[in-house]
$ cat final_37.pdb   # PDB, N, CA and C atoms
ATOM      1  N   MET D   1       0.843  -1.183   0.000  1.00  0.00           N
ATOM      2  CA  MET D   1       0.000   0.000   0.000  1.00  0.00           C
ATOM      3  C   MET D   1       0.886   1.244   0.000  1.00  0.00           C
ATOM      4  N   LYS D   2       0.523   2.202  -0.796  1.00  0.00           N
ATOM      5  CA  LYS D   2       1.314   3.411  -0.918  1.00  0.00           C
ATOM      6  C   LYS D   2       0.990   4.370   0.225  1.00  0.00           C
ATOM      7  N   SER D   3       2.011   5.056   0.700  1.00  0.00           N
ATOM      8  CA  SER D   3       1.848   5.966   1.831  1.00  0.00           C
ATOM      9  C   SER D   3       1.335   7.319   1.367  1.00  0.00           C
ATOM     10  N   ARG D   4       0.361   7.841   2.093  1.00  0.00           N
ATOM     11  CA  ARG D   4      -0.228   9.137   1.766  1.00  0.00           C
ATOM     12  C   ARG D   4       0.061  10.175   2.843  1.00  0.00           C
ATOM     13  N   ILE D   5       1.073   9.932   3.662  1.00  0.00           N
ATOM     14  CA  ILE D   5       1.362  10.830   4.775  1.00  0.00           C
ATOM     15  C   ILE D   5       1.759  12.215   4.284  1.00  0.00           C
ATOM     16  N   LEU D   6       2.606  12.304   3.271  1.00  0.00           N
ATOM     17  CA  LEU D   6       3.019  13.603   2.733  1.00  0.00           C
ATOM     18  C   LEU D   6       1.818  14.371   2.177  1.00  0.00           C
ATOM     19  N   THR D   7       0.920  13.671   1.522  1.00  0.00           N
ATOM     20  CA  THR D   7      -0.278  14.296   0.978  1.00  0.00           C
ATOM     21  C   THR D   7      -1.152  14.872   2.097  1.00  0.00           C
ATOM     22  N   ILE D   8      -1.320  14.131   3.160  1.00  0.00           N
ATOM     23  CA  ILE D   8      -2.126  14.602   4.288  1.00  0.00           C
ATOM     24  C   ILE D   8      -1.459  15.789   4.967  1.00  0.00           C
ATOM     25  N   LEU D   9      -0.145  15.743   5.106  1.00  0.00           N
ATOM     26  CA  LEU D   9       0.563  16.856   5.727  1.00  0.00           C
ATOM     27  C   LEU D   9       0.398  18.138   4.926  1.00  0.00           C
ATOM     28  N   ILE D  10       0.573  18.058   3.618  1.00  0.00           N
ATOM     29  CA  ILE D  10       0.480  19.257   2.779  1.00  0.00           C
ATOM     30  C   ILE D  10      -0.962  19.726   2.644  1.00  0.00           C
ATOM     31  N   GLY D  11      -1.884  18.818   2.441  1.00  0.00           N
ATOM     32  CA  GLY D  11      -3.262  19.201   2.181  1.00  0.00           C
ATOM     33  C   GLY D  11      -4.080  19.554   3.403  1.00  0.00           C
ATOM     34  N   LEU D  12      -3.709  19.055   4.568  1.00  0.00           N
ATOM     35  CA  LEU D  12      -4.524  19.284   5.755  1.00  0.00           C
ATOM     36  C   LEU D  12      -3.774  20.012   6.860  1.00  0.00           C
ATOM     37  N   VAL D  13      -2.593  19.534   7.186  1.00  0.00           N
ATOM     38  CA  VAL D  13      -1.876  20.058   8.345  1.00  0.00           C
ATOM     39  C   VAL D  13      -1.343  21.470   8.097  1.00  0.00           C
ATOM     40  N   VAL D  14      -0.828  21.747   6.914  1.00  0.00           N
ATOM     41  CA  VAL D  14      -0.290  23.084   6.630  1.00  0.00           C
ATOM     42  C   VAL D  14      -1.382  24.152   6.719  1.00  0.00           C
ATOM     43  N   PRO D  15      -2.531  24.009   6.025  1.00  0.00           N
ATOM     44  CA  PRO D  15      -3.580  25.037   6.180  1.00  0.00           C
ATOM     45  C   PRO D  15      -4.145  25.112   7.601  1.00  0.00           C
ATOM     46  N   LEU D  16      -4.312  23.978   8.244  1.00  0.00           N
ATOM     47  CA  LEU D  16      -4.835  23.981   9.608  1.00  0.00           C
ATOM     48  C   LEU D  16      -3.886  24.707  10.553  1.00  0.00           C
ATOM     49  N   THR D  17      -2.608  24.498  10.382  1.00  0.00           N
ATOM     50  CA  THR D  17      -1.624  25.191  11.200  1.00  0.00           C
ATOM     51  C   THR D  17      -1.648  26.687  10.941  1.00  0.00           C
ATOM     52  N   GLY D  18      -1.724  27.074   9.687  1.00  0.00           N
ATOM     53  CA  GLY D  18      -1.706  28.491   9.345  1.00  0.00           C
ATOM     54  C   GLY D  18      -2.925  29.254   9.820  1.00  0.00           C
ATOM     55  N   ILE D  19      -4.052  28.605   9.856  1.00  0.00           N
ATOM     56  CA  ILE D  19      -5.288  29.308  10.221  1.00  0.00           C
ATOM     57  C   ILE D  19      -5.611  29.150  11.704  1.00  0.00           C
ATOM     58  N   VAL D  20      -5.516  27.952  12.232  1.00  0.00           N
ATOM     59  CA  VAL D  20      -5.977  27.699  13.597  1.00  0.00           C
ATOM     60  C   VAL D  20      -4.853  27.800  14.630  1.00  0.00           C
ATOM     61  N   VAL D  21      -3.753  27.118  14.392  1.00  0.00           N
ATOM     62  CA  VAL D  21      -2.692  27.045  15.398  1.00  0.00           C
ATOM     63  C   VAL D  21      -1.987  28.390  15.557  1.00  0.00           C
ATOM     64  N   LEU D  22      -1.798  29.106  14.469  1.00  0.00           N
ATOM     65  CA  LEU D  22      -1.116  30.402  14.538  1.00  0.00           C
ATOM     66  C   LEU D  22      -2.049  31.553  14.884  1.00  0.00           C
ATOM     67  N   PHE D  23      -3.265  31.258  15.311  1.00  0.00           N
ATOM     68  CA  PHE D  23      -4.249  32.289  15.625  1.00  0.00           C
ATOM     69  C   PHE D  23      -3.748  33.342  16.619  1.00  0.00           C
ATOM     70  N   PRO D  24      -3.078  32.975  17.702  1.00  0.00           N
ATOM     71  CA  PRO D  24      -2.631  34.015  18.639  1.00  0.00           C
ATOM     72  C   PRO D  24      -1.625  34.994  18.023  1.00  0.00           C
ATOM     73  N   PHE D  25      -0.928  34.582  16.971  1.00  0.00           N
ATOM     74  CA  PHE D  25       0.078  35.446  16.366  1.00  0.00           C
ATOM     75  C   PHE D  25      -0.512  36.410  15.344  1.00  0.00           C
ATOM     76  N   TRP D  26      -1.602  36.035  14.670  1.00  0.00           N
ATOM     77  CA  TRP D  26      -2.164  36.924  13.646  1.00  0.00           C
ATOM     78  C   TRP D  26      -3.459  37.599  14.074  1.00  0.00           C
ATOM     79  N   ASN D  27      -3.914  37.382  15.274  1.00  0.00           N
ATOM     80  CA  ASN D  27      -5.152  37.985  15.743  1.00  0.00           C
ATOM     81  C   ASN D  27      -4.902  39.419  16.216  1.00  0.00           C
ATOM     82  N   ARG D  28      -4.852  40.336  15.259  1.00  0.00           N
ATOM     83  CA  ARG D  28      -4.694  41.747  15.569  1.00  0.00           C
ATOM     84  C   ARG D  28      -5.283  42.570  14.429  1.00  0.00           C
ATOM     85  N   VAL D  29      -5.591  43.804  14.699  1.00  0.00           N
ATOM     86  CA  VAL D  29      -6.220  44.653  13.702  1.00  0.00           C
ATOM     87  C   VAL D  29      -5.163  45.382  12.879  1.00  0.00           C
ATOM     88  N   GLU D  30      -4.156  45.902  13.528  1.00  0.00           N
ATOM     89  CA  GLU D  30      -3.135  46.656  12.816  1.00  0.00           C
ATOM     90  C   GLU D  30      -1.919  45.786  12.603  1.00  0.00           C
ATOM     91  N   PRO D  31      -1.203  45.912  11.557  1.00  0.00           N
ATOM     92  CA  PRO D  31      -1.232  46.934  10.516  1.00  0.00           C
ATOM     93  C   PRO D  31      -2.303  46.637   9.481  1.00  0.00           C
ATOM     94  N   PHE D  32      -2.630  47.635   8.704  1.00  0.00           N
ATOM     95  CA  PHE D  32      -3.547  47.461   7.591  1.00  0.00           C
ATOM     96  C   PHE D  32      -2.755  47.041   6.365  1.00  0.00           C
ATOM     97  N   VAL D  33      -3.247  46.037   5.668  1.00  0.00           N
ATOM     98  CA  VAL D  33      -2.598  45.538   4.466  1.00  0.00           C
ATOM     99  C   VAL D  33      -3.590  45.656   3.327  1.00  0.00           C
ATOM    100  N   MET D  34      -3.269  46.443   2.320  1.00  0.00           N
ATOM    101  CA  MET D  34      -4.135  46.685   1.163  1.00  0.00           C
ATOM    102  C   MET D  34      -5.521  47.151   1.610  1.00  0.00           C
ATOM    103  N   GLY D  35      -5.596  47.931   2.651  1.00  0.00           N
ATOM    104  CA  GLY D  35      -6.851  48.486   3.127  1.00  0.00           C
ATOM    105  C   GLY D  35      -7.629  47.594   4.072  1.00  0.00           C
ATOM    106  N   PHE D  36      -7.176  46.380   4.272  1.00  0.00           N
ATOM    107  CA  PHE D  36      -7.846  45.442   5.169  1.00  0.00           C
ATOM    108  C   PHE D  36      -7.092  45.382   6.492  1.00  0.00           C
ATOM    109  N   PRO D  37      -7.800  45.161   7.590  1.00  0.00           N
ATOM    110  CA  PRO D  37      -7.090  44.846   8.831  1.00  0.00           C
ATOM    111  C   PRO D  37      -6.302  43.545   8.644  1.00  0.00           C
ATOM    112  N   PHE D  38      -5.227  43.417   9.372  1.00  0.00           N
ATOM    113  CA  PHE D  38      -4.350  42.260   9.194  1.00  0.00           C
ATOM    114  C   PHE D  38      -5.086  40.945   9.388  1.00  0.00           C
ATOM    115  N   ASN D  39      -6.053  40.923  10.295  1.00  0.00           N
ATOM    116  CA  ASN D  39      -6.830  39.718  10.564  1.00  0.00           C
ATOM    117  C   ASN D  39      -7.536  39.221   9.299  1.00  0.00           C
ATOM    118  N   TYR D  40      -8.227  40.118   8.603  1.00  0.00           N
ATOM    119  CA  TYR D  40      -8.920  39.738   7.370  1.00  0.00           C
ATOM    120  C   TYR D  40      -7.938  39.391   6.261  1.00  0.00           C
ATOM    121  N   PHE D  41      -6.873  40.146   6.160  1.00  0.00           N
ATOM    122  CA  PHE D  41      -5.867  39.862   5.130  1.00  0.00           C
ATOM    123  C   PHE D  41      -5.295  38.463   5.302  1.00  0.00           C
ATOM    124  N   TRP D  42      -5.012  38.078   6.537  1.00  0.00           N
ATOM    125  CA  TRP D  42      -4.443  36.750   6.801  1.00  0.00           C
ATOM    126  C   TRP D  42      -5.404  35.648   6.348  1.00  0.00           C
ATOM    127  N   LEU D  43      -6.691  35.798   6.653  1.00  0.00           N
ATOM    128  CA  LEU D  43      -7.673  34.787   6.245  1.00  0.00           C
ATOM    129  C   LEU D  43      -7.842  34.743   4.737  1.00  0.00           C
ATOM    130  N   PHE D  44      -7.890  35.903   4.075  1.00  0.00           N
ATOM    131  CA  PHE D  44      -7.990  35.934   2.614  1.00  0.00           C
ATOM    132  C   PHE D  44      -6.762  35.297   1.973  1.00  0.00           C
ATOM    133  N   LEU D  45      -5.598  35.565   2.523  1.00  0.00           N
ATOM    134  CA  LEU D  45      -4.365  34.988   2.002  1.00  0.00           C
ATOM    135  C   LEU D  45      -4.393  33.465   2.096  1.00  0.00           C
ATOM    136  N   TRP D  46      -4.900  32.945   3.206  1.00  0.00           N
ATOM    137  CA  TRP D  46      -4.937  31.498   3.377  1.00  0.00           C
ATOM    138  C   TRP D  46      -5.976  30.820   2.495  1.00  0.00           C
ATOM    139  N   LEU D  47      -6.924  31.541   1.965  1.00  0.00           N
ATOM    140  CA  LEU D  47      -7.813  30.941   0.961  1.00  0.00           C
ATOM    141  C   LEU D  47      -7.012  30.496  -0.255  1.00  0.00           C
ATOM    142  N   PHE D  48      -6.115  31.338  -0.704  1.00  0.00           N
ATOM    143  CA  PHE D  48      -5.297  31.009  -1.879  1.00  0.00           C
ATOM    144  C   PHE D  48      -4.197  30.007  -1.548  1.00  0.00           C
ATOM    145  N   ILE D  49      -3.592  30.140  -0.375  1.00  0.00           N
ATOM    146  CA  ILE D  49      -2.551  29.189   0.023  1.00  0.00           C
ATOM    147  C   ILE D  49      -3.137  27.790   0.199  1.00  0.00           C
ATOM    148  N   THR D  50      -4.337  27.692   0.764  1.00  0.00           N
ATOM    149  CA  THR D  50      -4.979  26.393   0.935  1.00  0.00           C
ATOM    150  C   THR D  50      -5.284  25.751  -0.416  1.00  0.00           C
ATOM    151  N   SER D  51      -5.739  26.551  -1.367  1.00  0.00           N
ATOM    152  CA  SER D  51      -5.980  26.019  -2.719  1.00  0.00           C
ATOM    153  C   SER D  51      -4.690  25.484  -3.321  1.00  0.00           C
ATOM    154  N   GLY D  52      -3.613  26.208  -3.145  1.00  0.00           N
ATOM    155  CA  GLY D  52      -2.317  25.745  -3.642  1.00  0.00           C
ATOM    156  C   GLY D  52      -1.846  24.483  -2.948  1.00  0.00           C
ATOM    157  N   CYS D  53      -2.044  24.410  -1.653  1.00  0.00           N
ATOM    158  CA  CYS D  53      -1.661  23.206  -0.903  1.00  0.00           C
ATOM    159  C   CYS D  53      -2.468  21.988  -1.357  1.00  0.00           C
ATOM    160  N   LEU D  54      -3.757  22.185  -1.582  1.00  0.00           N
ATOM    161  CA  LEU D  54      -4.586  21.067  -2.047  1.00  0.00           C
ATOM    162  C   LEU D  54      -4.195  20.622  -3.449  1.00  0.00           C
ATOM    163  N   TYR D  55      -3.821  21.559  -4.297  1.00  0.00           N
ATOM    164  CA  TYR D  55      -3.370  21.200  -5.653  1.00  0.00           C
ATOM    165  C   TYR D  55      -2.072  20.405  -5.583  1.00  0.00           C
ATOM    166  N   ILE D  56      -1.125  20.864  -4.774  1.00  0.00           N
ATOM    167  CA  ILE D  56       0.145  20.155  -4.627  1.00  0.00           C
ATOM    168  C   ILE D  56      -0.085  18.769  -4.024  1.00  0.00           C
ATOM    169  N   ALA D  57      -0.951  18.676  -3.029  1.00  0.00           N
ATOM    170  CA  ALA D  57      -1.245  17.380  -2.420  1.00  0.00           C
ATOM    171  C   ALA D  57      -1.892  16.434  -3.423  1.00  0.00           C
ATOM    172  N   PHE D  58      -2.766  16.959  -4.274  1.00  0.00           N
ATOM    173  CA  PHE D  58      -3.395  16.129  -5.296  1.00  0.00           C
ATOM    174  C   PHE D  58      -2.366  15.594  -6.284  1.00  0.00           C
ATOM    175  N   LYS D  59      -1.438  16.447  -6.690  1.00  0.00           N
ATOM    176  CA  LYS D  59      -0.420  16.017  -7.646  1.00  0.00           C
ATOM    177  C   LYS D  59       0.572  15.038  -7.032  1.00  0.00           C
ATOM    178  N   LEU D  60       0.854  15.152  -5.735  1.00  0.00           N
ATOM    179  CA  LEU D  60       1.810  14.260  -5.074  1.00  0.00           C
ATOM    180  C   LEU D  60       1.181  12.977  -4.553  1.00  0.00           C
ATOM    181  N   ASP D  61      -0.133  12.891  -4.564  1.00  0.00           N
ATOM    182  CA  ASP D  61      -0.814  11.723  -4.021  1.00  0.00           C
ATOM    183  C   ASP D  61      -0.457  10.486  -4.845  1.00  0.00           C
ATOM    184  N   PRO D  62       0.082   9.456  -4.195  1.00  0.00           N
ATOM    185  CA  PRO D  62       0.488   8.265  -4.961  1.00  0.00           C
ATOM    186  C   PRO D  62      -0.687   7.482  -5.527  1.00  0.00           C
ATOM    187  N   LEU D  63      -1.869   7.705  -5.030  1.00  0.00           N
ATOM    188  CA  LEU D  63      -3.027   6.980  -5.567  1.00  0.00           C
ATOM    189  C   LEU D  63      -3.656   7.681  -6.780  1.00  0.00           C
ATOM    190  N   ASN D  64      -3.179   8.861  -7.137  1.00  0.00           N
ATOM    191  CA  ASN D  64      -3.670   9.569  -8.321  1.00  0.00           C
ATOM    192  C   ASN D  64      -2.685   9.390  -9.467  1.00  0.00           C
ATOM    193  N   GLU D  65      -2.722   8.255 -10.058  1.00  0.00           N
ATOM    194  CA  GLU D  65      -1.856   7.976 -11.210  1.00  0.00           C
ATOM    195  C   GLU D  65      -2.562   8.429 -12.475  1.00  0.00           C
ATOM    196  N   GLU D  66      -1.782   8.825 -13.457  1.00  0.00           N
ATOM    197  CA  GLU D  66      -2.367   9.322 -14.709  1.00  0.00           C
ATOM    198  C   GLU D  66      -3.183   8.241 -15.439  1.00  0.00           C
ATOM    199  N   GLU D  67      -2.752   6.982 -15.362  1.00  0.00           N
ATOM    200  CA  GLU D  67      -3.475   5.946 -16.074  1.00  0.00           C
ATOM    201  C   GLU D  67      -4.810   5.603 -15.417  1.00  0.00           C
ATOM    202  N   ASP D  68      -5.017   6.053 -14.171  1.00  0.00           N
ATOM    203  CA  ASP D  68      -6.304   5.811 -13.511  1.00  0.00           C
ATOM    204  C   ASP D  68      -7.409   6.683 -14.071  1.00  0.00           C
ATOM    205  N   TRP D  69      -7.075   7.771 -14.697  1.00  0.00           N
ATOM    206  CA  TRP D  69      -8.076   8.694 -15.224  1.00  0.00           C
ATOM    207  C   TRP D  69      -8.518   8.170 -16.536  1.00  0.00           C
TER
END
$ encode --input "final_37.pdb" --output "structure tokens"
Amino acid sequence: MKSRILTILIGLVVPLTGIVVLFPFWNRVEPFVMGFPFNYFWLFLWLFITSGCLYIAFKLDPLNEEEDW
């Protein structure tokens, strides 16, 4: 059986760490970034980072072989 640990780490643990675990570090209003409070900017940024992490995890997943499609 092929290991999917790297896929789970990239697709789940990285976004979860960035949004939930690092909450005490990014929970502040100032500075303003592009007109948004830092709190909102951080969450908007992680929307795109999470999409990228899921794409990378999908491509690295050993169970997603090209011949399976």
$ select_by_dssp --input "final_37.pdb" --residues "chain D" --states "alpha helix (DSSP H)" --output "number ranges by chain"
D: 5-8, 14-16, 23-26, 38-60
$ resolve_selection --input "final_37.pdb" --expression "the PyMOL selection byres (((chain D and resi 42 and name CA) around 10) and name CA)" --output "PDB file with N, CA and C atoms, in the coordinates of the input"
ATOM      1  N   GLY D  18      -1.724  27.074   9.687  1.00  0.00           N
ATOM      2  CA  GLY D  18      -1.706  28.491   9.345  1.00  0.00           C
ATOM      3  C   GLY D  18      -2.925  29.254   9.820  1.00  0.00           C
ATOM      4  N   ILE D  19      -4.052  28.605   9.856  1.00  0.00           N
ATOM      5  CA  ILE D  19      -5.288  29.308  10.221  1.00  0.00           C
ATOM      6  C   ILE D  19      -5.611  29.150  11.704  1.00  0.00           C
ATOM      7  N   PHE D  23      -3.265  31.258  15.311  1.00  0.00           N
ATOM      8  CA  PHE D  23      -4.249  32.289  15.625  1.00  0.00           C
ATOM      9  C   PHE D  23      -3.748  33.342  16.619  1.00  0.00           C
ATOM     10  N   TRP D  26      -1.602  36.035  14.670  1.00  0.00           N
ATOM     11  CA  TRP D  26      -2.164  36.924  13.646  1.00  0.00           C
ATOM     12  C   TRP D  26      -3.459  37.599  14.074  1.00  0.00           C
ATOM     13  N   ASN D  27      -3.914  37.382  15.274  1.00  0.00           N
ATOM     14  CA  ASN D  27      -5.152  37.985  15.743  1.00  0.00           C
ATOM     15  C   ASN D  27      -4.902  39.419  16.216  1.00  0.00           C
ATOM     16  N   VAL D  33      -3.247  46.037   5.668  1.00  0.00           N
ATOM     17  CA  VAL D  33      -2.598  45.538   4.466  1.00  0.00           C
ATOM     18  C   VAL D  33      -3.590  45.656   3.327  1.00  0.00           C
ATOM     19  N   PHE D  36      -7.176  46.380   4.272  1.00  0.00           N
ATOM     20  CA  PHE D  36      -7.846  45.442   5.169  1.00  0.00           C
ATOM     21  C   PHE D  36      -7.092  45.382   6.492  1.00  0.00           C
ATOM     22  N   PRO D  37      -7.800  45.161   7.590  1.00  0.00           N
ATOM     23  CA  PRO D  37      -7.090  44.846   8.831  1.00  0.00           C
ATOM     24  C   PRO D  37      -6.302  43.545   8.644  1.00  0.00           C
ATOM     25  N   PHE D  38      -5.227  43.417   9.372  1.00  0.00           N
ATOM     26  CA  PHE D  38      -4.350  42.260   9.194  1.00  0.00           C
ATOM     27  C   PHE D  38      -5.086  40.945   9.388  1.00  0.00           C
ATOM     28  N   ASN D  39      -6.053  40.923  10.295  1.00  0.00           N
ATOM     29  CA  ASN D  39      -6.830  39.718  10.564  1.00  0.00           C
ATOM     30  C   ASN D  39      -7.536  39.221   9.299  1.00  0.00           C
ATOM     31  N   TYR D  40      -8.227  40.118   8.603  1.00  0.00           N
ATOM     32  CA  TYR D  40      -8.920  39.738   7.370  1.00  0.00           C
ATOM     33  C   TYR D  40      -7.938  39.391   6.261  1.00  0.00           C
ATOM     34  N   PHE D  41      -6.873  40.146   6.160  1.00  0.00           N
ATOM     35  CA  PHE D  41      -5.867  39.862   5.130  1.00  0.00           C
ATOM     36  C   PHE D  41      -5.295  38.463   5.302  1.00  0.00           C
ATOM     37  N   LEU D  43      -6.691  35.798   6.653  1.00  0.00           N
ATOM     38  CA  LEU D  43      -7.673  34.787   6.245  1.00  0.00           C
ATOM     39  C   LEU D  43      -7.842  34.743   4.737  1.00  0.00           C
ATOM     40  N   PHE D  44      -7.890  35.903   4.075  1.00  0.00           N
ATOM     41  CA  PHE D  44      -7.990  35.934   2.614  1.00  0.00           C
ATOM     42  C   PHE D  44      -6.762  35.297   1.973  1.00  0.00           C
ATOM     43  N   LEU D  45      -5.598  35.565   2.523  1.00  0.00           N
ATOM     44  CA  LEU D  45      -4.365  34.988   2.002  1.00  0.00           C
ATOM     45  C   LEU D  45      -4.393  33.465   2.096  1.00  0.00           C
ATOM     46  N   TRP D  46      -4.900  32.945   3.206  1.00  0.00           N
ATOM     47  CA  TRP D  46      -4.937  31.498   3.377  1.00  0.00           C
ATOM     48  C   TRP D  46      -5.976  30.820   2.495  1.00  0.00           C
ATOM     49  N   LEU D  47      -6.924  31.541   1.965  1.00  0.00           N
ATOM     50  CA  LEU D  47      -7.813  30.941   0.961  1.00  0.00           C
ATOM     51  C   LEU D  47      -7.012  30.496  -0.255  1.00  0.00           C
TER      52      LEU D  47
END
$ select_by_dssp --input "final_37.pdb" --residues "chain D" --states "strand (DSSP E)" --output "VMD selection string"
chain D and resid 32 to 33 36 to 37
$ atom_distance --input "final_37.pdb" --atom1 "atom C of Val14 of chain D" --atom2 "atom N of Ser51 of chain D"
9.5 Å
$ atom_distance --input "final_37.pdb" --atom1 "atom CA of Thr7 of chain D" --atom2 "atom CA of Ile56 of chain D"
8.1 Å
$ atom_distance --input "final_37.pdb" --atom1 "atom C of Ile8 of chain D" --atom2 "atom N of Phe25 of chain D"
22.3 Å
$ residues_around --input "final_37.pdb" --residues "Lys2 of chain D" --least-positions-apart "2" --cutoff "7 Å" --atoms "only N, CA and C atoms" --output "PDB file with N, CA and C atoms, in the coordinates of the input"
ATOM      1  N   ARG D   4       0.361   7.841   2.093  1.00  0.00           N
ATOM      2  CA  ARG D   4      -0.228   9.137   1.766  1.00  0.00           C
ATOM      3  C   ARG D   4       0.061  10.175   2.843  1.00  0.00           C
ATOM      4  N   ILE D   5       1.073   9.932   3.662  1.00  0.00           N
ATOM      5  CA  ILE D   5       1.362  10.830   4.775  1.00  0.00           C
ATOM      6  C   ILE D   5       1.759  12.215   4.284  1.00  0.00           C
ATOM      7  N   PRO D  62       0.082   9.456  -4.195  1.00  0.00           N
ATOM      8  CA  PRO D  62       0.488   8.265  -4.961  1.00  0.00           C
ATOM      9  C   PRO D  62      -0.687   7.482  -5.527  1.00  0.00           C
ATOM     10  N   LEU D  63      -1.869   7.705  -5.030  1.00  0.00           N
ATOM     11  CA  LEU D  63      -3.027   6.980  -5.567  1.00  0.00           C
ATOM     12  C   LEU D  63      -3.656   7.681  -6.780  1.00  0.00           C
TER      13      LEU D  63
END
